[in-house]
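Listing of start-v6.cif; format and content: mmCIF, C-alpha atoms; chains and numbers go by the auth columns.
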data_input
#
loop_
_atom_site.group_PDB
_atom_site.id
_atom_site.type_symbol
_atom_site.label_atom_id
_atom_site.label_comp_id
_atom_site.label_asym_id
_atom_site.label_seq_id
_atom_site.Cartn_x
_atom_site.Cartn_y
_atom_site.Cartn_z
_atom_site.B_iso_or_equiv
_atom_site.auth_seq_id
_atom_site.auth_asym_id
ATOM 1 C CA MET A 1 0.000 0.000 0.000 0.00 609 A
ATOM 2 C CA ALA A 2 1.385 3.389 -0.977 0.00 610 A
ATOM 3 C CA ALA A 3 2.083 5.862 1.783 0.00 611 A
ATOM 4 C CA ARG A 4 0.264 9.162 1.790 0.00 612 A
ATOM 5 C CA GLY A 5 2.092 12.243 0.578 0.00 613 A
ATOM 6 C CA HIS A 6 3.071 14.958 3.042 0.00 614 A
ATOM 7 C CA GLY A 7 0.204 17.274 3.842 0.00 615 A
ATOM 8 C CA ALA A 8 -2.494 14.761 2.863 0.00 616 A
ATOM 9 C CA ARG A 9 -5.100 13.589 5.344 0.00 617 A
ATOM 10 C CA TYR A 10 -6.571 10.128 5.577 0.00 618 A
ATOM 11 C CA ASP A 11 -9.286 9.300 3.009 0.00 619 A
ATOM 12 C CA ARG A 12 -11.159 6.060 3.813 0.00 620 A
ATOM 13 C CA ASP A 13 -12.279 5.494 0.221 0.00 621 A
ATOM 14 C CA ALA A 14 -8.846 6.167 -1.262 0.00 622 A
ATOM 15 C CA MET A 15 -6.674 4.425 1.337 0.00 623 A
ATOM 16 C CA GLY A 16 -8.820 1.542 2.594 0.00 624 A
ATOM 17 C CA THR A 17 -7.268 1.048 6.035 0.00 625 A
ATOM 18 C CA ILE A 18 -5.622 3.366 8.541 0.00 626 A
ATOM 19 C CA ARG A 19 -1.995 2.456 9.154 0.00 627 A
ATOM 20 C CA VAL A 20 -1.287 2.601 12.899 0.00 628 A
ATOM 21 C CA ALA A 21 2.008 2.607 14.805 0.00 629 A
ATOM 22 C CA LEU A 22 1.931 1.928 18.563 0.00 630 A
ATOM 23 C CA ALA A 23 4.379 2.993 21.286 0.00 631 A
ATOM 24 C CA GLU A 24 3.980 1.793 24.887 0.00 632 A
ATOM 25 C CA ASP A 25 6.688 0.635 27.295 0.00 633 A
ATOM 26 C CA ASN A 26 4.390 -1.487 29.479 0.00 634 A
ATOM 27 C CA VAL A 27 4.395 -4.949 27.885 0.00 635 A
ATOM 28 C CA LEU A 28 0.883 -5.941 28.966 0.00 636 A
ATOM 29 C CA LEU A 29 -0.633 -2.654 27.867 0.00 637 A
ATOM 30 C CA ARG A 30 1.285 -2.746 24.592 0.00 638 A
ATOM 31 C CA GLU A 31 0.035 -6.226 23.783 0.00 639 A
ATOM 32 C CA GLY A 32 -3.507 -5.363 24.837 0.00 640 A
ATOM 33 C CA ILE A 33 -3.700 -2.217 22.719 0.00 641 A
ATOM 34 C CA ALA A 34 -2.050 -4.031 19.807 0.00 642 A
ATOM 35 C CA ARG A 35 -4.801 -6.644 19.950 0.00 643 A
ATOM 36 C CA LEU A 36 -7.508 -3.961 20.059 0.00 644 A
ATOM 37 C CA VAL A 37 -6.047 -2.245 17.006 0.00 645 A
ATOM 38 C CA GLY A 38 -5.301 -5.447 15.118 0.00 646 A
ATOM 39 C CA ALA A 39 -8.831 -6.788 15.653 0.00 647 A
ATOM 40 C CA ASN A 40 -10.420 -3.841 13.838 0.00 648 A
ATOM 41 C CA ASP A 41 -10.556 -4.318 10.068 0.00 649 A
ATOM 42 C CA GLU A 42 -10.392 -0.538 9.581 0.00 650 A
ATOM 43 C CA PHE A 43 -6.836 -0.513 10.928 0.00 651 A
ATOM 44 C CA GLU A 44 -3.497 -2.057 10.020 0.00 652 A
ATOM 45 C CA LEU A 45 -0.945 -2.234 12.843 0.00 653 A
ATOM 46 C CA VAL A 46 2.319 -1.516 11.020 0.00 654 A
ATOM 47 C CA GLY A 47 4.726 -1.452 13.965 0.00 655 A
ATOM 48 C CA VAL A 48 5.169 -1.353 17.739 0.00 656 A
ATOM 49 C CA ALA A 49 7.776 0.346 19.915 0.00 657 A
ATOM 50 C CA SER A 50 8.684 0.527 23.591 0.00 658 A
ATOM 51 C CA ASP A 51 10.592 3.823 23.583 0.00 659 A
ATOM 52 C CA LEU A 52 10.912 7.063 21.622 0.00 660 A
ATOM 53 C CA PRO A 53 13.883 6.092 19.395 0.00 661 A
ATOM 54 C CA GLN A 54 12.107 2.870 18.385 0.00 662 A
ATOM 55 C CA LEU A 55 8.937 4.817 17.636 0.00 663 A
ATOM 56 C CA LEU A 56 10.749 7.292 15.392 0.00 664 A
ATOM 57 C CA ALA A 57 12.371 4.368 13.583 0.00 665 A
ATOM 58 C CA VAL A 58 8.968 2.724 13.028 0.00 666 A
ATOM 59 C CA ILE A 59 7.569 5.999 11.694 0.00 667 A
ATOM 60 C CA GLY A 60 10.466 6.339 9.265 0.00 668 A
ATOM 61 C CA GLU A 61 10.214 2.762 8.045 0.00 669 A
ATOM 62 C CA GLN A 62 6.433 2.232 7.979 0.00 670 A
ATOM 63 C CA ALA A 63 4.922 5.689 7.272 0.00 671 A
ATOM 64 C CA PRO A 64 1.852 5.268 9.513 0.00 672 A
ATOM 65 C CA ASP A 65 -1.278 7.392 9.203 0.00 673 A
ATOM 66 C CA VAL A 66 -1.720 7.532 12.992 0.00 674 A
ATOM 67 C CA VAL A 67 0.609 7.073 15.958 0.00 675 A
ATOM 68 C CA VAL A 68 -0.852 5.827 19.245 0.00 676 A
ATOM 69 C CA THR A 69 1.665 6.577 21.977 0.00 677 A
ATOM 70 C CA ASP A 70 2.146 6.483 25.726 0.00 678 A
ATOM 71 C CA ILE A 71 2.998 9.875 27.214 0.00 679 A
ATOM 72 C CA ARG A 72 5.944 8.638 29.311 0.00 680 A
ATOM 73 C CA MET A 73 8.454 6.140 27.909 0.00 681 A
ATOM 74 C CA PRO A 74 12.201 5.546 27.901 0.00 682 A
ATOM 75 C CA PRO A 75 14.740 6.990 27.555 0.00 683 A
ATOM 76 C CA THR A 76 13.769 9.698 30.096 0.00 684 A
ATOM 77 C CA GLY A 77 10.275 8.621 31.198 0.00 685 A
ATOM 78 C CA THR A 78 9.026 12.223 31.169 0.00 686 A
ATOM 79 C CA ASP A 79 7.175 13.463 28.086 0.00 687 A
ATOM 80 C CA GLU A 80 8.253 11.256 25.164 0.00 688 A
ATOM 81 C CA GLY A 81 4.718 11.134 23.742 0.00 689 A
ATOM 82 C CA ILE A 82 4.640 14.936 23.594 0.00 690 A
ATOM 83 C CA LYS A 83 8.094 14.973 21.997 0.00 691 A
ATOM 84 C CA ALA A 84 6.919 12.475 19.381 0.00 692 A
ATOM 85 C CA ALA A 85 3.925 14.684 18.566 0.00 693 A
ATOM 86 C CA ALA A 86 6.184 17.748 18.262 0.00 694 A
ATOM 87 C CA TRP A 87 8.586 15.831 15.988 0.00 695 A
ATOM 88 C CA LEU A 88 5.697 14.717 13.805 0.00 696 A
ATOM 89 C CA HIS A 89 4.400 18.291 13.606 0.00 697 A
ATOM 90 C CA GLU A 90 7.754 19.365 12.198 0.00 698 A
ATOM 91 C CA ASN A 91 8.558 16.355 10.018 0.00 699 A
ATOM 92 C CA ARG A 92 5.328 14.432 9.269 0.00 700 A
ATOM 93 C CA PRO A 93 2.481 16.952 9.726 0.00 701 A
ATOM 94 C CA GLN A 94 -0.013 14.643 8.029 0.00 702 A
ATOM 95 C CA VAL A 95 0.327 11.951 10.725 0.00 703 A
ATOM 96 C CA GLY A 96 -2.321 11.928 13.464 0.00 704 A
ATOM 97 C CA VAL A 97 -1.348 11.341 17.108 0.00 705 A
ATOM 98 C CA VAL A 98 -3.337 9.709 19.903 0.00 706 A
ATOM 99 C CA VAL A 99 -1.602 10.224 23.269 0.00 707 A
ATOM 100 C CA LEU A 100 -2.571 7.754 25.996 0.00 708 A
ATOM 101 C CA SER A 101 -1.907 9.069 29.482 0.00 709 A
ATOM 102 C CA GLN A 102 -2.704 8.369 33.115 0.00 710 A
ATOM 103 C CA TYR A 103 -2.256 12.065 33.915 0.00 711 A
ATOM 104 C CA THR A 104 -4.999 14.701 33.884 0.00 712 A
ATOM 105 C CA ALA A 105 -2.402 17.441 34.492 0.00 713 A
ATOM 106 C CA PRO A 106 -3.330 20.327 32.167 0.00 714 A
ATOM 107 C CA GLY A 107 0.292 20.993 31.207 0.00 715 A
ATOM 108 C CA TYR A 108 0.584 17.797 29.185 0.00 716 A
ATOM 109 C CA ALA A 109 -2.575 18.469 27.179 0.00 717 A
ATOM 110 C CA LEU A 110 -1.530 22.082 26.591 0.00 718 A
ATOM 111 C CA ALA A 111 1.886 20.912 25.370 0.00 719 A
ATOM 112 C CA LEU A 112 0.255 18.436 22.979 0.00 720 A
ATOM 113 C CA LEU A 113 -2.005 21.151 21.569 0.00 721 A
ATOM 114 C CA GLU A 114 0.711 23.813 21.452 0.00 722 A
ATOM 115 C CA HIS A 115 0.816 23.694 17.636 0.00 723 A
ATOM 116 C CA GLY A 116 -2.929 23.234 17.200 0.00 724 A
ATOM 117 C CA SER A 117 -5.520 20.560 17.895 0.00 725 A
ATOM 118 C CA ALA A 118 -5.864 19.204 14.345 0.00 726 A
ATOM 119 C CA GLY A 119 -4.976 15.519 14.213 0.00 727 A
ATOM 120 C CA ARG A 120 -4.399 15.252 17.961 0.00 728 A
ATOM 121 C CA ALA A 121 -6.130 13.224 20.696 0.00 729 A
ATOM 122 C CA TYR A 122 -5.422 13.040 24.437 0.00 730 A
ATOM 123 C CA LEU A 123 -7.062 10.071 26.161 0.00 731 A
ATOM 124 C CA LEU A 124 -6.797 8.759 29.712 0.00 732 A
ATOM 125 C CA LYS A 125 -5.755 5.113 29.860 0.00 733 A
ATOM 126 C CA GLU A 126 -8.231 4.284 32.609 0.00 734 A
ATOM 127 C CA ARG A 127 -11.099 5.541 30.452 0.00 735 A
ATOM 128 C CA VAL A 128 -10.122 3.792 27.212 0.00 736 A
ATOM 129 C CA ALA A 129 -12.139 0.773 28.264 0.00 737 A
ATOM 130 C CA SER A 130 -13.390 -0.350 24.888 0.00 738 A
ATOM 131 C CA VAL A 131 -12.338 -0.798 21.316 0.00 739 A
ATOM 132 C CA ASP A 132 -14.887 1.814 20.265 0.00 740 A
ATOM 133 C CA GLU A 133 -13.329 4.632 22.331 0.00 741 A
ATOM 134 C CA LEU A 134 -9.846 4.111 20.943 0.00 742 A
ATOM 135 C CA ALA A 135 -11.103 3.399 17.425 0.00 743 A
ATOM 136 C CA ARG A 136 -13.089 6.628 17.398 0.00 744 A
ATOM 137 C CA ALA A 137 -10.013 8.642 18.392 0.00 745 A
ATOM 138 C CA ILE A 138 -7.856 6.956 15.735 0.00 746 A
ATOM 139 C CA ARG A 139 -10.432 7.636 13.021 0.00 747 A
ATOM 140 C CA GLU A 140 -10.890 11.225 14.158 0.00 748 A
ATOM 141 C CA VAL A 141 -7.214 12.208 14.187 0.00 749 A
ATOM 142 C CA ALA A 142 -6.639 10.374 10.896 0.00 750 A
ATOM 143 C CA ARG A 143 -8.995 12.812 9.200 0.00 751 A
ATOM 144 C CA GLY A 144 -7.574 15.848 10.991 0.00 752 A
ATOM 145 C CA GLY A 145 -9.979 16.101 13.910 0.00 753 A
ATOM 146 C CA SER A 146 -9.263 16.102 17.630 0.00 754 A
ATOM 147 C CA VAL A 147 -10.443 14.239 20.737 0.00 755 A
ATOM 148 C CA ILE A 148 -9.715 15.370 24.306 0.00 756 A
ATOM 149 C CA ASP A 149 -10.921 13.329 27.280 0.00 757 A
ATOM 150 C CA PRO A 150 -13.667 15.283 29.121 0.00 758 A
ATOM 151 C CA HIS A 151 -11.859 14.824 32.454 0.00 759 A
ATOM 152 C CA VAL A 152 -8.799 16.560 31.007 0.00 760 A
ATOM 153 C CA VAL A 153 -10.972 19.398 29.696 0.00 761 A
ATOM 154 C CA ASP A 154 -12.423 19.760 33.215 0.00 762 A
ATOM 155 C CA GLU A 155 -8.905 20.018 34.653 0.00 763 A
ATOM 156 C CA LEU A 156 -7.971 22.658 32.081 0.00 764 A
ATOM 157 C CA VAL A 157 -10.996 24.726 33.063 0.00 765 A
ATOM 158 C CA LYS A 158 -10.280 24.295 36.790 0.00 766 A
ATOM 159 C CA ALA A 159 -6.657 25.318 36.334 0.00 767 A
ATOM 160 C CA ARG A 160 -7.683 28.497 34.585 0.00 768 A
ATOM 161 C CA SER A 161 -10.334 29.368 37.184 0.00 769 A
ATOM 162 C CA LYS A 162 -8.093 28.658 40.191 0.00 770 A
ATOM 163 C CA ARG A 163 -5.143 30.695 39.002 0.00 771 A
ATOM 164 C CA PRO A 164 -6.441 33.162 36.423 0.00 772 A
ATOM 165 C CA THR A 165 -3.544 35.556 36.977 0.00 773 A
ATOM 166 C CA SER A 166 -0.720 32.989 37.164 0.00 774 A
ATOM 167 C CA ARG A 167 1.357 33.117 34.019 0.00 775 A
ATOM 168 C CA LEU A 168 3.221 29.993 35.171 0.00 776 A
ATOM 169 C CA SER A 169 0.124 27.921 34.336 0.00 777 A
ATOM 170 C CA PHE A 170 0.844 28.532 30.650 0.00 778 A
ATOM 171 C CA LEU A 171 4.208 26.760 30.816 0.00 779 A
ATOM 172 C CA THR A 172 4.526 23.269 29.352 0.00 780 A
ATOM 173 C CA PRO A 173 5.793 20.437 31.608 0.00 781 A
ATOM 174 C CA ARG A 174 9.253 20.702 30.024 0.00 782 A
ATOM 175 C CA GLU A 175 9.359 24.479 30.499 0.00 783 A
ATOM 176 C CA SER A 176 8.353 24.041 34.146 0.00 784 A
ATOM 177 C CA GLU A 177 11.175 21.507 34.576 0.00 785 A
ATOM 178 C CA ILE A 178 13.688 23.927 33.097 0.00 786 A
ATOM 179 C CA LEU A 179 12.441 26.800 35.256 0.00 787 A
ATOM 180 C CA ALA A 180 12.802 24.578 38.333 0.00 788 A
ATOM 181 C CA GLU A 181 16.397 23.829 37.321 0.00 789 A
ATOM 182 C CA MET A 182 16.981 27.543 36.709 0.00 790 A
ATOM 183 C CA ALA A 183 15.733 28.226 40.251 0.00 791 A
ATOM 184 C CA GLN A 184 18.658 26.122 41.511 0.00 792 A
ATOM 185 C CA GLY A 185 21.043 28.631 39.935 0.00 793 A
ATOM 186 C CA LYS A 186 22.055 26.384 37.039 0.00 794 A
ATOM 187 C CA SER A 187 23.320 27.689 33.719 0.00 795 A
ATOM 188 C CA ASN A 188 21.813 26.556 30.413 0.00 796 A
ATOM 189 C CA ALA A 189 24.701 24.117 29.985 0.00 797 A
ATOM 190 C CA ALA A 190 24.118 22.619 33.437 0.00 798 A
ATOM 191 C CA ILE A 191 20.378 22.362 32.828 0.00 799 A
ATOM 192 C CA ALA A 192 21.024 20.608 29.503 0.00 800 A
ATOM 193 C CA ALA A 193 23.283 18.084 31.221 0.00 801 A
ATOM 194 C CA SER A 194 20.786 17.508 34.041 0.00 802 A
ATOM 195 C CA LEU A 195 17.815 16.918 31.717 0.00 803 A
ATOM 196 C CA THR A 196 19.811 15.118 29.000 0.00 804 A
ATOM 197 C CA VAL A 197 18.845 17.555 26.263 0.00 805 A
ATOM 198 C CA SER A 198 20.853 19.875 24.023 0.00 806 A
ATOM 199 C CA GLU A 199 21.895 23.314 25.207 0.00 807 A
ATOM 200 C CA ARG A 200 20.135 24.718 22.147 0.00 808 A
ATOM 201 C CA ALA A 201 16.879 23.070 23.262 0.00 809 A
ATOM 202 C CA VAL A 202 17.264 24.613 26.725 0.00 810 A
ATOM 203 C CA GLU A 203 17.847 28.032 25.174 0.00 811 A
ATOM 204 C CA LYS A 204 14.720 27.622 23.033 0.00 812 A
ATOM 205 C CA HIS A 205 12.638 26.643 26.070 0.00 813 A
ATOM 206 C CA THR A 206 14.003 29.459 28.233 0.00 814 A
ATOM 207 C CA ASN A 207 13.137 32.015 25.548 0.00 815 A
ATOM 208 C CA SER A 208 9.620 30.575 25.465 0.00 816 A
ATOM 209 C CA ILE A 209 9.442 30.814 29.277 0.00 817 A
ATOM 210 C CA PHE A 210 10.500 34.469 29.173 0.00 818 A
ATOM 211 C CA ALA A 211 7.926 35.230 26.481 0.00 819 A
ATOM 212 C CA LYS A 212 5.097 33.540 28.400 0.00 820 A
ATOM 213 C CA LEU A 213 6.090 35.389 31.578 0.00 821 A
ATOM 214 C CA SER A 214 6.206 38.703 29.653 0.00 822 A
ATOM 215 C CA LEU A 215 9.943 39.054 30.276 0.00 823 A
ATOM 216 C CA ALA A 216 11.081 39.008 26.651 0.00 824 A
ATOM 217 C CA GLU A 217 12.232 42.629 26.636 0.00 825 A
ATOM 218 C CA GLU A 218 14.236 42.400 29.866 0.00 826 A
ATOM 219 C CA LYS A 219 18.006 41.930 29.995 0.00 827 A
ATOM 220 C CA ASP A 220 18.990 38.260 30.255 0.00 828 A
ATOM 221 C CA VAL A 221 20.187 38.410 33.896 0.00 829 A
ATOM 222 C CA ASN A 222 17.116 40.349 34.992 0.00 830 A
ATOM 223 C CA ARG A 223 14.623 38.032 33.312 0.00 831 A
ATOM 224 C CA ARG A 224 16.263 34.913 34.742 0.00 832 A
ATOM 225 C CA VAL A 225 16.032 36.412 38.215 0.00 833 A
ATOM 226 C CA LYS A 226 12.435 37.520 37.746 0.00 834 A
ATOM 227 C CA ALA A 227 11.413 34.163 36.273 0.00 835 A
ATOM 228 C CA VAL A 228 12.918 32.373 39.291 0.00 836 A
ATOM 229 C CA LEU A 229 11.205 34.745 41.706 0.00 837 A
ATOM 230 C CA LEU A 230 7.851 34.051 40.054 0.00 838 A
ATOM 231 C CA PHE A 231 8.539 30.311 40.293 0.00 839 A
ATOM 232 C CA LEU A 232 9.524 30.483 43.968 0.00 840 A
ATOM 233 C CA SER A 233 6.518 32.618 44.895 0.00 841 A
ATOM 234 C CA GLN A 234 4.267 30.044 43.209 0.00 842 A
ATOM 235 C CA GLN A 235 5.888 27.239 45.206 0.00 843 A
ATOM 236 C CA GLU A 236 5.363 29.090 48.454 0.00 844 A
ATOM 237 C CA GLY A 237 1.722 29.735 47.657 0.00 845 A
ATOM 238 C CA SER A 238 0.894 26.172 46.635 0.00 846 A
#

Rewrite the coordinates I just gave you, this time as structure tokens.
Amino acid sequence: MAARGHGARYDRDAMGTIRVALAEDNVLLREGIARLVGANDEFELVGVASDLPQLLAVIGEQAPDVVVTDIRMPPTGTDEGIKAAAWLHENRPQVGVVVLSQYTAPGYALALLEHGSAGRAYLLKERVASVDELARAIREVARGGSVIDPHVVDELVKARSKRPTSRLSFLTPRESEILAEMAQGKSNAAIAASLTVSERAVEKHTNSIFAKLSLAEEKDVNRRVKAVLLFLSQQEGS
């Protein structure tokens, strides 16, 4: 079966089946979800992975229409599912992503939707109890739609209502991690080493942090200090 061209969305009549790649580090869950996907004649399971590098390899080799991925996997066990979605946005924008998570934390959903909701789904593992729920999300993101678990939407609304003036609530989980490292007085190089990412990635995230905290026009030393003070005041108030 020919792979879709970049920029094209899934067309049931033209393509026949939806090609699905699966990433999940828990063996039992991986096998269970693989069976759910494989049992549906609308889908073709083209590859499975247990970590982010394996998933990217499967994507490169199999050209799936949709990726179903855990949110936390090796190598870091933090936000690999979000990273996969971001990579796909940059390199395979036509591929849909269904993130399976056990976390209702708004930051993860906001990070997933940072580049738009088209072709993105965020489902809670505990609530994906049937083939129909997962199948619906796969079909929806394949055609460019989006599905967000209602419980996650509730948490997003609560987060906004509880802290309407807190600019820190707009930070992604990775940005919050970097700000926490910054609060320990670490340089960008030290933060990069601590989080096992490139210094360039840290610089990109810190610039985003400054922009979200309205510190973009400040001098670098001043905005680092102010960002840390905002972080520490939030910790004290929580």

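When atom CA of Ala809 of chain A is paired with atom CA of Ala719 of chain A, their separation reads 15.3 Å.
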
Checklist entry - How far is it from atom CA of Met790 of chain A to atom CA of Glu722 of chain A, in Å with one decimal? => result 22.6 Å

Checklist entry - When the PyMOL selection byres ((chain A and resi 728) around 10) is applied to the file above, which residues end up in the set, as number ranges by chain? => result A: 674-675, 693, 703-707, 717, 720-721, 723-727, 729-730, 745-746, 748-750, 752-756

Checklist entry - For Arg747 of chain A, which residue out of A:Ile786, A:Val676, A:Asn699, A:Leu636 is the nearest one, using only C-alpha atoms? => result A:Val676

Checklist outcome for this item: Using all atoms listed in the file, the residue out of A:Thr686, A:Thr804, A:Thr712, A:Thr814 with shortest distance to Pro781 of chain A is A:Thr686

Please, what is the axis-aligned box for every listed atom of segment 799-809 of chain A with 6 Å on each side, as centre and edge lengths in Å to one decimal, as AutoDock Vina command-line options?
--center_x 20.1 --center_y 19.9 --center_z 28.1 --size_x 18.4 --size_y 21.6 --size_z 23.9

When you look at segment 811-813 of chain A with a cut-off of 8 Å (counting only C-alpha atoms), what residues show up, excluding the ones that are within fewer than 5 positions of it in the same chain? I need them as a compact mmCIF listing (two decimals) with C-alpha atoms, in the frame of the given file.
# COMPACT_ATOMS: atom_id res chain seq x y z
CA ARG A 782 9.25 20.70 30.02
CA GLU A 783 9.36 24.48 30.50
CA ILE A 786 13.69 23.93 33.10
CA ASN A 796 21.81 26.56 30.41

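Among A:Leu764, A:Ala797, A:Leu660, A:Ala665, the residue with the shortest atom-to-atom distance to Gly685 of chain A, counting all atoms listed in the file, is A:Leu660.
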
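Here atom CA of Leu821 of chain A and atom CA of Arg680 of chain A stand 26.8 Å from one another.
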
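Put simply, the PyMOL selection byres ((chain A and resi 700) around 10) on this file hits Gly613, His614, Gly615, Ile667, Gly668, Ala671, Pro672, Asp673, Ala693, Ala694, Trp695, Leu696, His697, Glu698, Asn699, Pro701, Gln702, Val703 and Gly704 of chain A.
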
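Nearest to Leu837 of chain A of all the residues A:Val654, A:Leu708, A:Leu787, A:Leu644 is A:Leu787, counting all atoms listed in the file.
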
Next on the checklist: Could you list, as a list in words, every residue matched by the PyMOL selection byres ((chain A and resi 688) around 10) in this structure?
Outcome noted: Ala631, Asp659, Leu660, Pro661, Leu663, Thr677, Asp678, Ile679, Arg680, Met681, Pro682, Pro683, Thr684, Gly685, Thr686, Asp687, Gly689, Ile690, Lys691, Ala692, Ala693 and Ala694 of chain A

Item to check | Spatial sel., origin (4.8, 24.1, 34.5), limit 12 Å, only C-alpha atoms, listed as a PyMOL selection string | outcome: chain A and resi 713-719+767+774-789+813+817+820-821+838-839+842-843

Atoms to include: C-alpha atoms. Write the selected residues as a PDB file, in the frame of the given file.
ATOM      1  CA  ALA A 713      -2.402  17.441  34.492  1.00  0.00           C
ATOM      2  CA  PRO A 714      -3.330  20.327  32.167  1.00  0.00           C
ATOM      3  CA  GLY A 715       0.292  20.993  31.207  1.00  0.00           C
ATOM      4  CA  TYR A 716       0.584  17.797  29.185  1.00  0.00           C
ATOM      5  CA  ALA A 717      -2.575  18.469  27.179  1.00  0.00           C
ATOM      6  CA  LEU A 718      -1.530  22.082  26.591  1.00  0.00           C
ATOM      7  CA  ALA A 719       1.886  20.912  25.370  1.00  0.00           C
ATOM      8  CA  ALA A 767      -6.657  25.318  36.334  1.00  0.00           C
ATOM      9  CA  SER A 774      -0.720  32.989  37.164  1.00  0.00           C
ATOM     10  CA  ARG A 775       1.357  33.117  34.019  1.00  0.00           C
ATOM     11  CA  LEU A 776       3.221  29.993  35.171  1.00  0.00           C
ATOM     12  CA  SER A 777       0.124  27.921  34.336  1.00  0.00           C
ATOM     13  CA  PHE A 778       0.844  28.532  30.650  1.00  0.00           C
ATOM     14  CA  LEU A 779       4.208  26.760  30.816  1.00  0.00           C
ATOM     15  CA  THR A 780       4.526  23.269  29.352  1.00  0.00           C
ATOM     16  CA  PRO A 781       5.793  20.437  31.608  1.00  0.00           C
ATOM     17  CA  ARG A 782       9.253  20.702  30.024  1.00  0.00           C
ATOM     18  CA  GLU A 783       9.359  24.479  30.499  1.00  0.00           C
ATOM     19  CA  SER A 784       8.353  24.041  34.146  1.00  0.00           C
ATOM     20  CA  GLU A 785      11.175  21.507  34.576  1.00  0.00           C
ATOM     21  CA  ILE A 786      13.688  23.927  33.097  1.00  0.00           C
ATOM     22  CA  LEU A 787      12.441  26.800  35.256  1.00  0.00           C
ATOM     23  CA  ALA A 788      12.802  24.578  38.333  1.00  0.00           C
ATOM     24  CA  GLU A 789      16.397  23.829  37.321  1.00  0.00           C
ATOM     25  CA  HIS A 813      12.638  26.643  26.070  1.00  0.00           C
ATOM     26  CA  ILE A 817       9.442  30.814  29.277  1.00  0.00           C
ATOM     27  CA  LYS A 820       5.097  33.540  28.400  1.00  0.00           C
ATOM     28  CA  LEU A 821       6.090  35.389  31.578  1.00  0.00           C
ATOM     29  CA  LEU A 838       7.851  34.051  40.054  1.00  0.00           C
ATOM     30  CA  PHE A 839       8.539  30.311  40.293  1.00  0.00           C
ATOM     31  CA  GLN A 842       4.267  30.044  43.209  1.00  0.00           C
ATOM     32  CA  GLN A 843       5.888  27.239  45.206  1.00  0.00           C
TER      33      GLN A 843
END
